[in-house]
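Peer 1: Sharing a structure below in structure tokens format, with a few things to ask.
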Amino acid sequence: MRHGNKEERKVKKGFLFIKKTIEFFYFKSEFIDVENIPEEASLIIGNHAQLHSPITTELHFPKRRYTWCIGQMMHKKEVPEYAYKDFWSLKPKWCRWFYKLLAHIIAPISEYVFTNADTIGVYHDSRLFTTFKQTIQKLDEGYNVIIFPECPTLYNEIVNEFLDKFVDVAVLYYKRYGKCVNFVPMYNAPKIKKVIFGKPIQYNPNIDINEQRVMICNYLKEEITKIAKSLPVHKVVPYNNIKKRNYPMSK
């Protein structure tokens, strides 16, 4: 048992070293309108901004939190296929061989980092129930849960469409604990080093879940868009991994 505890501490120290190293080299963003996050644990819904939002919230999020993480990035055998397809499949053909190789190189690192960070694995198969179960447990323990639900389909120049099943967490949370969870919009603007929180929308158990998925997702996308457009004009870091010269401008 002592040996196990020693190994656990060793792993944690290794992860903290990686985290501190990234924090040293990575810029720090200003978190604005944090008061829009309710006192009770909430679901924080934000734009992905490629890797910027996961990194920024892992390093500097101002409240207790767990973050949804793609489950494939937590298992080194599944990392290469997922990482290449999601991050680098649109790269020019002449250099794709390099990114296929890179996807294999990062696999053990990805597993190590994401299994030691405060993450909840997200799956799109029968394991999704485990994702939801862990999420409502963390909410009950007082943790906010951060979700980046964008998919490759464009919504507008600021944010992509959302995969909407995350809204169902609210149903399970209400059934289990009798509480209506809030969804808080969050916009990350890496180019101007700001993260802004909008006004929350609360789950309503009296409205059909199919209707609420649409209503809540539309509200969050529109609020994120409104926040972005309220800021000084800046380059938007998109979900899709496109060339930097093609990044859209907020207008």
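The way I read the labels, and the way they are meant: chains A, B, ... in the order of the structure tokens, residue 1 as the first residue of every chain, and ligand 1 as the first ligand shown, with later ones counted on from there.
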Give me the range 117-165 of chain A side of the contact with range 177-190 of chain A, cut-off 9 Å, one line per residue showing its nearest atom pair and distance in Å at one decimal, counting only C-alpha atoms, sorted by chain and residue number, as a tab-separated table.
Peer 2:
residue	atom	partner	partner_atom	distance
A:Ile136	CA	A:Tyr177	CA	8.8
A:Leu139	CA	A:Val181	CA	8.8
A:Asp140	CA	A:Tyr177	CA	7.9
Peer 1: Output C-alpha atoms of each residue in that selection to a file, as a tab-separated table (two decimals), in the first residue's frame.
Peer 2:
chain	number	residue	atom	x	y	z
A	136	ILE	CA	-23.17	15.03	-11.89
A	139	LEU	CA	-21.26	19.01	-9.64
A	140	ASP	CA	-22.65	17.64	-6.37
Peer 1: I'd like the neighbourhood of Glu78 in chain A as a PyMOL selection string, where a residue qualifies if any of its atoms comes within 12 Å (using only C-alpha atoms), though same-chain residues fewer than 3 positions away should be ignored.
Peer 2: chain A and resi 70-75+81-85+103-104+106-108+110-111+123
Peer 1: Determine the nearest neighbour of Glu40 in chain A from the options A:Lys28, A:Arg64, A:His52, A:Lys19, counting only C-alpha atoms.
Peer 2: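 Closest to Glu40 in chain A of all the choices is A:Arg64.
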Peer 1: Would you kindly return, as a list in words, each protein, DNA or RNA residue with an atom no farther than 9 Å from any atom of Asp164 in chain A, considering only C-alpha atoms and excluding same-chain residues fewer than 2 positions away?
Peer 2: Pro149, Glu161, Phe162, Phe166, Val167, Asp168, Arg213, Val214, Ile216 and Cys217 of chain A
Peer 1: How would the residues just picked look written out with N, CA, C and O atoms as a JSON list (two decimals), in the first residue's frame?
Peer 2:
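Saved file again28.json follows:
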[["chain", "number", "residue", "atom", "x", "y", "z"],
["A", 149, "PRO", "N", -18.14, 22.02, -26.48],
["A", 149, "PRO", "CA", -18.97, 21.10, -27.28],
["A", 149, "PRO", "C", -18.95, 21.34, -28.79],
["A", 149, "PRO", "O", -19.78, 20.79, -29.51],
["A", 161, "GLU", "N", -20.98, 24.95, -34.57],
["A", 161, "GLU", "CA", -22.16, 24.28, -34.02],
["A", 161, "GLU", "C", -21.75, 23.43, -32.81],
["A", 161, "GLU", "O", -20.60, 23.04, -32.67],
["A", 162, "PHE", "N", -22.73, 23.15, -31.94],
["A", 162, "PHE", "CA", -22.49, 22.35, -30.75],
["A", 162, "PHE", "C", -23.03, 20.93, -30.92],
["A", 162, "PHE", "O", -24.10, 20.74, -31.51],
["A", 166, "PHE", "N", -24.65, 17.23, -24.30],
["A", 166, "PHE", "CA", -24.18, 17.66, -22.98],
["A", 166, "PHE", "C", -25.32, 18.25, -22.16],
["A", 166, "PHE", "O", -25.28, 18.25, -20.93],
["A", 167, "VAL", "N", -26.35, 18.77, -22.83],
["A", 167, "VAL", "CA", -27.49, 19.36, -22.13],
["A", 167, "VAL", "C", -28.19, 18.30, -21.26],
["A", 167, "VAL", "O", -28.77, 18.63, -20.21],
["A", 168, "ASP", "N", -28.11, 17.04, -21.67],
["A", 168, "ASP", "CA", -28.78, 15.97, -20.94],
["A", 168, "ASP", "C", -28.22, 15.76, -19.53],
["A", 168, "ASP", "O", -28.87, 15.13, -18.69],
["A", 213, "ARG", "N", -32.56, 21.26, -25.61],
["A", 213, "ARG", "CA", -31.25, 21.14, -26.27],
["A", 213, "ARG", "C", -31.06, 22.27, -27.26],
["A", 213, "ARG", "O", -30.01, 22.92, -27.31],
["A", 214, "VAL", "N", -32.09, 22.50, -28.08],
["A", 214, "VAL", "CA", -32.03, 23.56, -29.09],
["A", 214, "VAL", "C", -31.97, 24.92, -28.42],
["A", 214, "VAL", "O", -31.12, 25.77, -28.77],
["A", 216, "ILE", "N", -31.12, 25.89, -25.31],
["A", 216, "ILE", "CA", -29.92, 26.16, -24.52],
["A", 216, "ILE", "C", -28.70, 26.33, -25.42],
["A", 216, "ILE", "O", -27.90, 27.26, -25.23],
["A", 217, "CYS", "N", -28.55, 25.47, -26.40],
["A", 217, "CYS", "CA", -27.40, 25.58, -27.29],
["A", 217, "CYS", "C", -27.44, 26.88, -28.09],
["A", 217, "CYS", "O", -26.41, 27.56, -28.24]]
Peer 1: Pick the closest to Ile37 in chain A from A:Trp94, A:Phe132, A:Phe197, A:Phe24: which is it, counting only C-alpha atoms?
Peer 2: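 Ranked by minimum distance to Ile37 in chain A, first place goes to A:Phe197.
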Peer 1: Would you mind writing down, as an MDAnalysis selection string, each residue of range 27-245 of chain A that DSSP on the backbone assigns to helix (DSSP H, G or I)?
Peer 2: chainID A and resid 34:36 52:60 71:74 79:88 93:105 107:116 128:140 164:177 190:192 209:230 244:245
Peer 1: Looking at A:Leu128, A:Ser42, A:Trp68, A:Asn47, which one is nearest to Ile196 in chain A, with distances taken over only C-alpha atoms?
Peer 2: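 Using only C-alpha atoms, Ile196 in chain A sits closest to A:Asn47.
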Peer 1: Rank nothing, just name the residue among A:Ser126, A:Ser89, A:Ser29, A:Asn218 nearest to His60 in chain A, using only C-alpha atoms.
Peer 2: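 Closest residue, counting only C-alpha atoms: A:Ser29.
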Peer 1: For Ile146 in chain A, which of A:Lys226, A:Lys63, A:Lys13, A:His234 is the closest residue, counting only C-alpha atoms?
Peer 2: A:Lys63
Peer 1: Would you mind reading off the distance between CA of Lys20 in chain A and CA of His48 in chain A, one decimal, in Å?
Peer 2: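 Taking CA of Lys20 in chain A as the start and CA of His48 in chain A as the end point, the length is 21.8 Å.
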Peer 1: Nearest residue to Gln212 in chain A out of A:Phe15, A:Ala170, A:Asn241, A:Glu35, using only C-alpha atoms?
Peer 2: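 Using only C-alpha atoms, the shortest distance to Gln212 in chain A belongs to A:Ala170.
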